[in-house]
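A.B. asks: Handing over structure-v4.cif, mmCIF, C-alpha atoms.
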data_target
loop_
_atom_site.label_atom_id
_atom_site.label_comp_id
_atom_site.auth_asym_id
_atom_site.auth_seq_id
_atom_site.Cartn_x
_atom_site.Cartn_y
_atom_site.Cartn_z
CA MET A 1 96.21 82.62 107.48
CA LEU A 2 94.09 84.81 105.27
CA ILE A 3 94.70 88.55 105.38
CA GLY A 4 93.02 91.47 103.65
CA PHE A 5 94.53 92.53 100.32
CA ARG A 6 95.01 96.19 101.20
CA GLU A 7 96.18 95.36 104.71
CA LEU A 8 98.85 93.10 103.27
CA LEU A 9 100.00 95.66 100.70
CA ASP A 10 100.01 98.56 103.17
CA GLY A 11 102.14 96.45 105.49
CA CYS A 12 104.66 95.95 102.70
CA ARG A 13 104.72 99.69 101.95
CA ALA A 14 105.36 100.45 105.60
CA THR A 15 108.41 98.16 105.69
CA GLY A 16 109.74 99.01 102.22
CA SER A 17 109.22 95.45 100.98
CA ALA A 18 106.99 93.85 98.35
CA VAL A 19 104.75 90.80 98.39
CA GLY A 20 105.36 88.03 95.90
CA ALA A 21 102.26 87.06 93.90
CA PHE A 22 102.62 83.64 92.28
CA THR A 23 100.34 82.10 89.66
CA CYS A 24 99.08 78.71 90.84
CA TYR A 25 97.67 76.27 88.29
CA THR A 26 97.39 73.37 90.72
CA LEU A 27 97.45 72.59 94.43
CA THR A 28 100.99 71.31 93.94
CA THR A 29 102.09 74.74 92.72
CA ALA A 30 100.37 76.40 95.66
CA ALA A 31 101.95 73.94 98.09
CA GLY A 32 105.39 74.96 96.84
CA VAL A 33 104.62 78.67 97.16
CA LEU A 34 103.24 78.25 100.68
CA ARG A 35 106.22 76.11 101.63
CA ALA A 36 108.51 78.98 100.62
CA ALA A 37 106.34 81.51 102.45
CA ASP A 38 106.51 79.54 105.68
CA ALA A 39 110.27 79.01 105.34
CA HIS A 40 110.91 82.73 104.86
CA GLY A 41 108.19 84.02 107.16
CA ALA A 42 106.93 86.09 104.25
CA PRO A 43 103.42 86.93 103.07
CA VAL A 44 102.38 85.77 99.59
CA ILE A 45 99.51 86.08 97.15
CA LEU A 46 98.22 82.98 95.38
CA LEU A 47 97.07 84.02 91.90
CA VAL A 48 94.47 82.18 89.83
CA GLY A 49 94.44 83.19 86.17
CA ALA A 50 91.21 83.81 84.29
CA GLY A 51 91.87 80.81 82.03
CA SER A 52 92.42 78.49 84.96
CA TYR A 53 89.33 79.67 86.78
CA ALA A 54 87.08 79.48 83.71
CA ALA A 55 88.35 76.00 82.77
CA PRO A 56 86.66 72.80 83.94
CA GLY A 57 87.58 72.35 87.58
CA GLY A 58 88.53 75.98 88.03
CA SER A 59 85.66 76.64 90.38
CA VAL A 60 87.12 73.97 92.67
CA LEU A 61 90.71 75.23 92.46
CA LEU A 62 90.02 78.65 93.90
CA PRO A 63 88.23 77.46 97.08
CA ALA A 64 90.94 74.82 97.49
CA LEU A 65 93.64 77.49 97.43
CA ARG A 66 91.69 79.50 99.98
CA THR A 67 91.52 76.47 102.27
CA ALA A 68 95.25 75.93 101.90
CA ALA A 69 95.87 79.61 102.68
CA GLU A 70 93.75 79.41 105.84
CA ARG A 71 95.97 76.62 107.17
CA THR A 72 99.29 78.45 106.82
CA SER A 73 101.07 80.43 109.51
CA THR A 74 101.99 83.32 107.20
CA PRO A 75 99.63 85.98 105.76
CA VAL A 76 98.14 84.92 102.40
CA CYS A 77 95.70 86.40 99.88
CA VAL A 78 93.97 84.50 97.09
CA GLN A 79 93.48 86.66 94.00
CA LEU A 80 91.72 86.17 90.67
CA ASP A 81 94.15 87.66 88.15
CA HIS A 82 93.60 89.61 84.89
CA VAL A 83 89.85 89.43 84.36
CA ALA A 84 87.53 91.82 82.52
CA ASP A 85 84.42 89.62 82.75
CA ARG A 86 82.21 90.97 85.54
CA ALA A 87 80.28 87.71 85.84
CA LEU A 88 83.48 85.71 86.25
CA ILE A 89 84.68 88.13 88.91
CA GLY A 90 81.38 87.79 90.76
CA ARG A 91 81.67 84.00 90.73
CA ALA A 92 85.23 84.16 92.05
CA LEU A 93 84.18 86.38 94.92
CA GLU A 94 81.43 83.91 95.77
CA ASP A 95 84.02 81.13 95.66
CA GLY A 96 86.21 82.88 98.21
CA ALA A 97 88.67 85.10 96.33
CA THR A 98 89.98 87.74 98.74
CA ALA A 99 91.10 90.00 95.88
CA VAL A 100 90.43 90.38 92.16
CA MET A 101 92.21 92.15 89.35
CA ALA A 102 89.81 94.10 87.15
CA ASP A 103 91.87 94.25 83.97
CA GLY A 104 90.44 96.89 81.66
CA SER A 105 93.84 97.88 80.32
CA ARG A 106 92.86 97.02 76.74
CA LEU A 107 89.74 99.17 77.00
CA PRO A 108 89.41 102.90 76.38
CA TYR A 109 90.16 104.93 79.51
CA ASP A 110 86.52 105.64 80.41
CA ALA A 111 85.56 101.98 79.98
CA ASN A 112 88.51 100.93 82.14
CA VAL A 113 87.34 103.32 84.85
CA ALA A 114 83.79 101.98 84.62
CA LEU A 115 84.95 98.37 84.93
CA ALA A 116 87.10 99.14 87.97
CA GLN A 117 84.26 101.07 89.60
CA ASP A 118 81.81 98.22 89.06
CA VAL A 119 84.26 95.67 90.45
CA ARG A 120 85.06 97.94 93.41
CA ALA A 121 81.38 97.99 94.34
CA LEU A 122 81.03 94.23 93.86
CA ALA A 123 84.19 93.37 95.79
CA GLY A 124 83.21 95.68 98.59
CA ARG A 125 80.16 93.55 99.31
CA HIS A 126 82.49 90.60 99.88
CA GLY A 127 85.18 92.46 101.80
CA ALA A 128 87.64 91.79 98.98
CA GLY A 129 90.36 93.98 97.49
CA VAL A 130 90.65 95.28 93.92
CA GLU A 131 93.66 95.70 91.67
CA ALA A 132 93.38 97.57 88.38
CA GLU A 133 95.78 98.26 85.52
CA LEU A 134 96.48 101.45 83.63
CA GLY A 135 98.81 101.34 80.65
CA HIS A 136 98.82 97.99 78.92
CA ILE A 137 101.47 95.42 79.86
CA GLU A 138 102.27 93.52 76.68
CA GLY A 139 103.77 90.12 76.05
CA GLY A 140 107.54 89.85 75.84
CA GLU A 141 107.73 90.46 72.10
CA ASP A 142 105.73 93.68 72.25
CA VAL A 143 107.51 95.90 74.78
CA ALA A 144 109.00 98.17 72.15
CA ALA A 145 105.64 98.49 70.39
CA ALA A 146 103.90 99.28 73.66
CA THR A 147 106.44 101.96 74.47
CA ALA A 148 106.23 103.47 71.01
CA ARG A 149 102.48 103.85 71.03
CA GLY A 150 102.31 105.36 74.50
CA ALA A 151 100.95 102.32 76.32
CA LEU A 152 103.08 103.06 79.37
CA THR A 153 101.32 104.40 82.46
CA ASP A 154 100.86 108.16 82.53
CA PRO A 155 101.39 109.52 86.08
CA ASP A 156 98.73 112.23 85.89
CA GLU A 157 96.21 109.89 84.32
CA ALA A 158 97.04 107.31 86.99
CA ALA A 159 96.25 109.79 89.76
CA GLY A 160 92.83 110.51 88.27
CA PHE A 161 92.17 106.84 87.64
CA VAL A 162 92.86 105.82 91.24
CA ALA A 163 90.76 108.70 92.58
CA ALA A 164 87.83 107.70 90.34
CA THR A 165 87.99 103.96 90.95
CA ARG A 166 89.21 103.69 94.56
CA ALA A 167 91.33 100.72 93.50
CA ASP A 168 93.43 99.21 96.29
CA CYS A 169 96.39 98.57 94.00
CA LEU A 170 97.49 99.80 90.57
CA ALA A 171 99.43 97.64 88.10
CA VAL A 172 101.78 99.89 86.13
CA SER A 173 103.42 99.60 82.74
CA ILE A 174 106.98 100.97 82.81
CA GLY A 175 108.56 98.73 80.15
CA ASN A 176 107.80 95.43 81.88
CA ALA A 177 106.11 92.57 80.03
CA HIS A 178 104.41 89.25 80.63
CA GLY A 179 106.26 86.11 79.61
CA HIS A 180 109.78 85.97 78.23
CA TYR A 181 111.51 89.17 77.21
CA ALA A 182 112.69 89.30 73.59
CA SER A 183 115.63 91.46 74.71
CA PRO A 184 116.91 92.75 78.06
CA PRO A 185 114.16 95.01 79.45
CA GLN A 186 114.80 98.70 79.94
CA LEU A 187 112.50 99.78 82.74
CA ASP A 188 111.68 103.48 82.97
CA TRP A 189 112.74 104.26 86.52
CA THR A 190 111.99 107.96 86.19
CA LEU A 191 108.44 107.12 85.14
CA LEU A 192 108.01 104.79 88.11
CA ALA A 193 109.17 107.51 90.51
CA ARG A 194 106.74 110.00 88.97
CA ILE A 195 103.86 107.53 89.28
CA ARG A 196 104.77 106.87 92.91
CA GLU A 197 104.68 110.62 93.59
CA ARG A 198 101.22 111.00 92.06
CA VAL A 199 99.51 107.81 93.24
CA ASP A 200 98.89 107.05 96.91
CA VAL A 201 97.99 103.37 96.64
CA PRO A 202 100.28 100.34 96.44
CA LEU A 203 101.79 99.73 93.00
CA SER A 204 102.08 96.35 91.30
CA LEU A 205 104.73 95.16 88.83
CA HIS A 206 103.83 92.31 86.49
CA GLY A 207 106.24 90.29 84.36
CA ALA A 208 108.88 89.81 87.05
CA SER A 209 110.09 86.45 85.71
CA GLY A 210 112.37 88.07 83.15
CA LEU A 211 113.77 90.85 85.32
CA SER A 212 117.22 90.83 86.89
CA ASP A 213 117.68 90.69 90.64
CA ASP A 214 119.00 94.26 90.60
CA ASP A 215 115.93 95.47 88.69
CA LEU A 216 113.58 93.83 91.18
CA ARG A 217 115.39 95.34 94.15
CA ARG A 218 115.36 98.75 92.51
CA ALA A 219 111.66 98.49 91.68
CA VAL A 220 110.84 97.74 95.32
CA ALA A 221 113.08 100.59 96.50
CA LEU A 222 111.17 102.95 94.19
CA GLY A 223 107.78 101.99 95.56
CA ILE A 224 106.58 98.69 94.07
CA SER A 225 104.62 96.77 96.72
CA LYS A 226 103.49 93.69 94.74
CA VAL A 227 105.43 91.64 92.20
CA ASN A 228 103.81 89.00 89.96
CA VAL A 229 105.69 85.83 89.01
CA ASN A 230 104.38 83.23 86.56
CA THR A 231 106.63 82.23 83.66
CA GLU A 232 109.62 81.44 85.85
CA LEU A 233 107.55 79.03 87.92
CA ARG A 234 106.26 77.22 84.84
CA ALA A 235 109.73 76.97 83.32
CA ARG A 236 111.08 75.42 86.49
CA LEU A 237 108.15 73.00 86.71
CA TYR A 238 108.76 71.75 83.17
CA ALA A 239 112.48 71.36 83.85
CA GLU A 240 111.72 69.37 86.99
CA LEU A 241 109.23 67.19 85.13
CA ALA A 242 111.81 66.42 82.46
CA ARG A 243 114.33 65.48 85.14
CA ARG A 244 112.11 63.52 87.51
CA VAL A 245 109.54 61.74 85.31
CA PRO A 246 112.09 59.21 83.98
CA GLU A 247 113.38 58.66 87.52
CA THR A 248 109.96 58.13 89.11
CA ALA A 249 108.26 56.26 86.26
CA PRO A 250 109.48 52.86 87.51
CA GLY A 251 106.93 51.99 90.15
CA LEU A 252 104.75 54.95 89.13
CA ARG A 253 106.00 56.93 92.15
CA LEU A 254 103.55 59.80 91.76
CA LEU A 255 103.75 61.10 95.32
CA GLU A 256 107.52 61.36 95.04
CA LEU A 257 107.13 63.27 91.75
CA GLU A 258 104.59 65.66 93.28
CA GLU A 259 106.92 66.39 96.19
CA SER A 260 109.74 67.14 93.77
CA LEU A 261 107.55 69.56 91.85
CA ALA A 262 106.45 71.36 95.02
CA ASP A 263 110.07 71.64 96.14
CA ALA A 264 111.05 73.09 92.76
CA VAL A 265 108.34 75.73 93.01
CA ALA A 266 109.35 76.49 96.59
CA GLU A 267 112.93 77.09 95.48
CA VAL A 268 111.92 79.62 92.80
CA ALA A 269 109.40 81.33 95.08
CA GLY A 270 111.94 81.47 97.89
CA GLU A 271 114.49 83.18 95.66
CA LYS A 272 111.93 85.86 94.79
CA LEU A 273 110.85 86.33 98.40
CA ARG A 274 114.45 86.96 99.44
CA LEU A 275 114.76 89.68 96.80
CA LEU A 276 111.50 91.35 97.80
CA ALA A 277 112.19 91.46 101.52
CA ALA A 278 113.00 94.77 103.21
#
Translate the structure described by the file into structure tokens.
C.D. replies:
Amino acid sequence: MLIGFRELLDGCRATGSAVGAFTCYTLTTAAGVLRAADAHGAPVILLVGAGSYAAPGGSVLLPALRTAAERTSTPVCVQLDHVADRALIGRALEDGATAVMADGSRLPYDANVALAQDVRALAGRHGAGVEAELGHIEGGEDVAAATARGALTDPDEAAGFVAATRADCLAVSIGNAHGHYASPPQLDWTLLARIRERVDVPLSLHGASGLSDDDLRRAVALGISKVNVNTELRARLYAELARRVPETAPGLRLLELEESLADAVAEVAGEKLRLLAA
């Protein structure tokens, strides 16, 4: 069943848990995530990346994920992830996204605020939630560079940003990164605690695929309410394809292959949901 973005996140804050947000490139990926959600009785967010949505067929994928979400027994949001294009965000809201991420993290502070404010107004007309990002979350090779140049989230700046934008959720940069980590990540727990003290909206942690189980549990304990997972799902999908394609090629057993892929996604998503539970 569909649930409001802020309602879902506030529920997680109240129970000391976090919602798993999983990037879905296909309906098979989403089926695996929803299978895990139903098995664990846990809410989830189905993420659609900007590249997927802008690609041919992307405008069909998002409504399809919404339909799938409506038919589940657990609370689900469908979110357009990491987008700075206002027109693309508007299209996604028309296509049924229940949340969007206005990603102005590469922009100057004032421009980031302006983007989030514009998207807040647009999303409000659709009853949708808004996530924003302050402090840029780099790719795995660039964590040290991001830290060195001060791209981590500043707690005082974050407080002003949330007040100005009325974002429902803030993605923070505390040493986390998208993709694979070049070396074991060193998350700044003191910084996270300071941000939590200054910001009274749910916090989001991206780049969870490369974090240890202990780091994820600690992040949730310190106030993270939403955790994004992408790379780990894709890695497992490719491993499952390598294993099952030769086995299912005789007879072209496509349905059997699709079921295997959904089960593989469900296993990864289920592992994350167990870690994020209260």
A.B. asks: Please provide the set of residues having any atom within 12 Å of region 108-112 of chain A, restricted to only C-alpha atoms, with same-chain residues fewer than 6 positions apart removed, written as a PDB file with C-alpha atoms, in the coordinates of the input.
C.D. replies:
ATOM      1  CA  VAL A  83      89.850  89.430  84.360  1.00  0.00           C
ATOM      2  CA  ALA A  84      87.530  91.820  82.520  1.00  0.00           C
ATOM      3  CA  MET A 101      92.210  92.150  89.350  1.00  0.00           C
ATOM      4  CA  ALA A 102      89.810  94.100  87.150  1.00  0.00           C
ATOM      5  CA  ASP A 118      81.810  98.220  89.060  1.00  0.00           C
ATOM      6  CA  VAL A 119      84.260  95.670  90.450  1.00  0.00           C
ATOM      7  CA  ALA A 132      93.380  97.570  88.380  1.00  0.00           C
ATOM      8  CA  GLU A 133      95.780  98.260  85.520  1.00  0.00           C
ATOM      9  CA  LEU A 134      96.480 101.450  83.630  1.00  0.00           C
ATOM     10  CA  GLY A 135      98.810 101.340  80.650  1.00  0.00           C
ATOM     11  CA  HIS A 136      98.820  97.990  78.920  1.00  0.00           C
ATOM     12  CA  ALA A 151     100.950 102.320  76.320  1.00  0.00           C
ATOM     13  CA  THR A 153     101.320 104.400  82.460  1.00  0.00           C
ATOM     14  CA  ASP A 154     100.860 108.160  82.530  1.00  0.00           C
ATOM     15  CA  GLU A 157      96.210 109.890  84.320  1.00  0.00           C
ATOM     16  CA  ALA A 158      97.040 107.310  86.990  1.00  0.00           C
ATOM     17  CA  GLY A 160      92.830 110.510  88.270  1.00  0.00           C
ATOM     18  CA  PHE A 161      92.170 106.840  87.640  1.00  0.00           C
ATOM     19  CA  VAL A 162      92.860 105.820  91.240  1.00  0.00           C
ATOM     20  CA  ALA A 164      87.830 107.700  90.340  1.00  0.00           C
ATOM     21  CA  THR A 165      87.990 103.960  90.950  1.00  0.00           C
ATOM     22  CA  ALA A 167      91.330 100.720  93.500  1.00  0.00           C
TER      23      ALA A 167
END
A.B. asks: Could you tell me which of A:Ala121, A:Val220, A:Ala264, A:Ala69 comes closest to Leu237 (chain A) if we count only C-alpha atoms?
C.D. replies: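 Counting only C-alpha atoms, the residue closest to Leu237 (chain A) is A:Ala264.
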A.B. asks: Take CA of His82 (chain A) and CA of Ile224 (chain A) and report the distance between them in Å, one decimal.
C.D. replies: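 Separation of CA of His82 (chain A) and CA of Ile224 (chain A): 18.3 Å.
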A.B. asks: Determine, counting only C-alpha atoms, which protein, DNA and RNA residues have an atom within 8 Å of an atom of Leu80 (chain A); residues of the same chain fewer than 2 positions away are not included. Present the result as a count of residues only.
C.D. replies: 14
A.B. asks: How would you write, as a VMD selection string, the residues chosen by the PyMOL selection byres ((chain A and resi 29-35) around 10) on this structure?
C.D. replies: chain A and resid 20 to 28 36 to 47 64 to 65 68 to 69 71 to 76 233 to 234 237 258 to 270 273
A.B. asks: Keeping only C-alpha atoms, write the selected residues as a compact mmCIF listing (two decimals), in the frame of the given file.
C.D. replies:
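Final output, again.txt:
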# COMPACT_ATOMS: atom_id res chain seq x y z
CA GLY A 20 105.36 88.03 95.90
CA ALA A 21 102.26 87.06 93.90
CA PHE A 22 102.62 83.64 92.28
CA THR A 23 100.34 82.10 89.66
CA CYS A 24 99.08 78.71 90.84
CA TYR A 25 97.67 76.27 88.29
CA THR A 26 97.39 73.37 90.72
CA LEU A 27 97.45 72.59 94.43
CA THR A 28 100.99 71.31 93.94
CA ALA A 36 108.51 78.98 100.62
CA ALA A 37 106.34 81.51 102.45
CA ASP A 38 106.51 79.54 105.68
CA ALA A 39 110.27 79.01 105.34
CA HIS A 40 110.91 82.73 104.86
CA GLY A 41 108.19 84.02 107.16
CA ALA A 42 106.93 86.09 104.25
CA PRO A 43 103.42 86.93 103.07
CA VAL A 44 102.38 85.77 99.59
CA ILE A 45 99.51 86.08 97.15
CA LEU A 46 98.22 82.98 95.38
CA LEU A 47 97.07 84.02 91.90
CA ALA A 64 90.94 74.82 97.49
CA LEU A 65 93.64 77.49 97.43
CA ALA A 68 95.25 75.93 101.90
CA ALA A 69 95.87 79.61 102.68
CA ARG A 71 95.97 76.62 107.17
CA THR A 72 99.29 78.45 106.82
CA SER A 73 101.07 80.43 109.51
CA THR A 74 101.99 83.32 107.20
CA PRO A 75 99.63 85.98 105.76
CA VAL A 76 98.14 84.92 102.40
CA LEU A 233 107.55 79.03 87.92
CA ARG A 234 106.26 77.22 84.84
CA LEU A 237 108.15 73.00 86.71
CA GLU A 258 104.59 65.66 93.28
CA GLU A 259 106.92 66.39 96.19
CA SER A 260 109.74 67.14 93.77
CA LEU A 261 107.55 69.56 91.85
CA ALA A 262 106.45 71.36 95.02
CA ASP A 263 110.07 71.64 96.14
CA ALA A 264 111.05 73.09 92.76
CA VAL A 265 108.34 75.73 93.01
CA ALA A 266 109.35 76.49 96.59
CA GLU A 267 112.93 77.09 95.48
CA VAL A 268 111.92 79.62 92.80
CA ALA A 269 109.40 81.33 95.08
CA GLY A 270 111.94 81.47 97.89
CA LEU A 273 110.85 86.33 98.40
A.B. asks: Quick one, how far is CA of Leu216 (chain A) from CA of Val229 (chain A)?
C.D. replies: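 A separation of 11.4 Å between them.
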A.B. asks: Using all atoms of region 80-91 of chain A that appear in the file, construct an axis-aligned enclosing box with 3 Å of padding on every side and provide its centre coordinates and edge lengths in Å, rounded to one decimal, as AutoDock Vina command-line options.
C.D. replies:
--center_x 87.2 --center_y 87.9 --center_z 86.6 --size_x 19.9 --size_y 13.8 --size_z 14.2
A.B. asks: Given the file shown, enumerate the residues that the PyMOL selection byres ((chain A and resi 278) around 8) captures and present them as a list of chain:residue names.
C.D. replies: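 Matching residues under the PyMOL selection byres ((chain A and resi 278) around 8) are A:Thr15, A:Gly16, A:Ser17, A:Ala18, A:Leu276, A:Ala277.
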A.B. asks: Would you mind reading off the distance between CA of Ala177 (chain A) and CA of Val227 (chain A), one decimal, in Å?
C.D. replies: 12.2 Å
A.B. asks: Quick one: everything within 9 Å of Phe5 (chain A), counting only C-alpha atoms, minus sequence neighbours fewer than 4 positions away in the same chain. Send it as a PyMOL selection string.
C.D. replies: chain A and resi 9-10+45+76-79+98-99+128-130+168-169
A.B. asks: I need every residue sitting at most 9 Å from the point (111.4, 92.3, 84.7) (coordinates as in the file, all atoms listed in the file considered), written as a list in words.
C.D. replies: Gly175, Asn176, Ala177, His178, Tyr181, Pro184, Pro185, Gln186, Leu187, Leu205, His206, Gly207, Ala208, Ser209, Gly210, Leu211, Ser212, Asp213, Asp215 and Leu216 of chain A
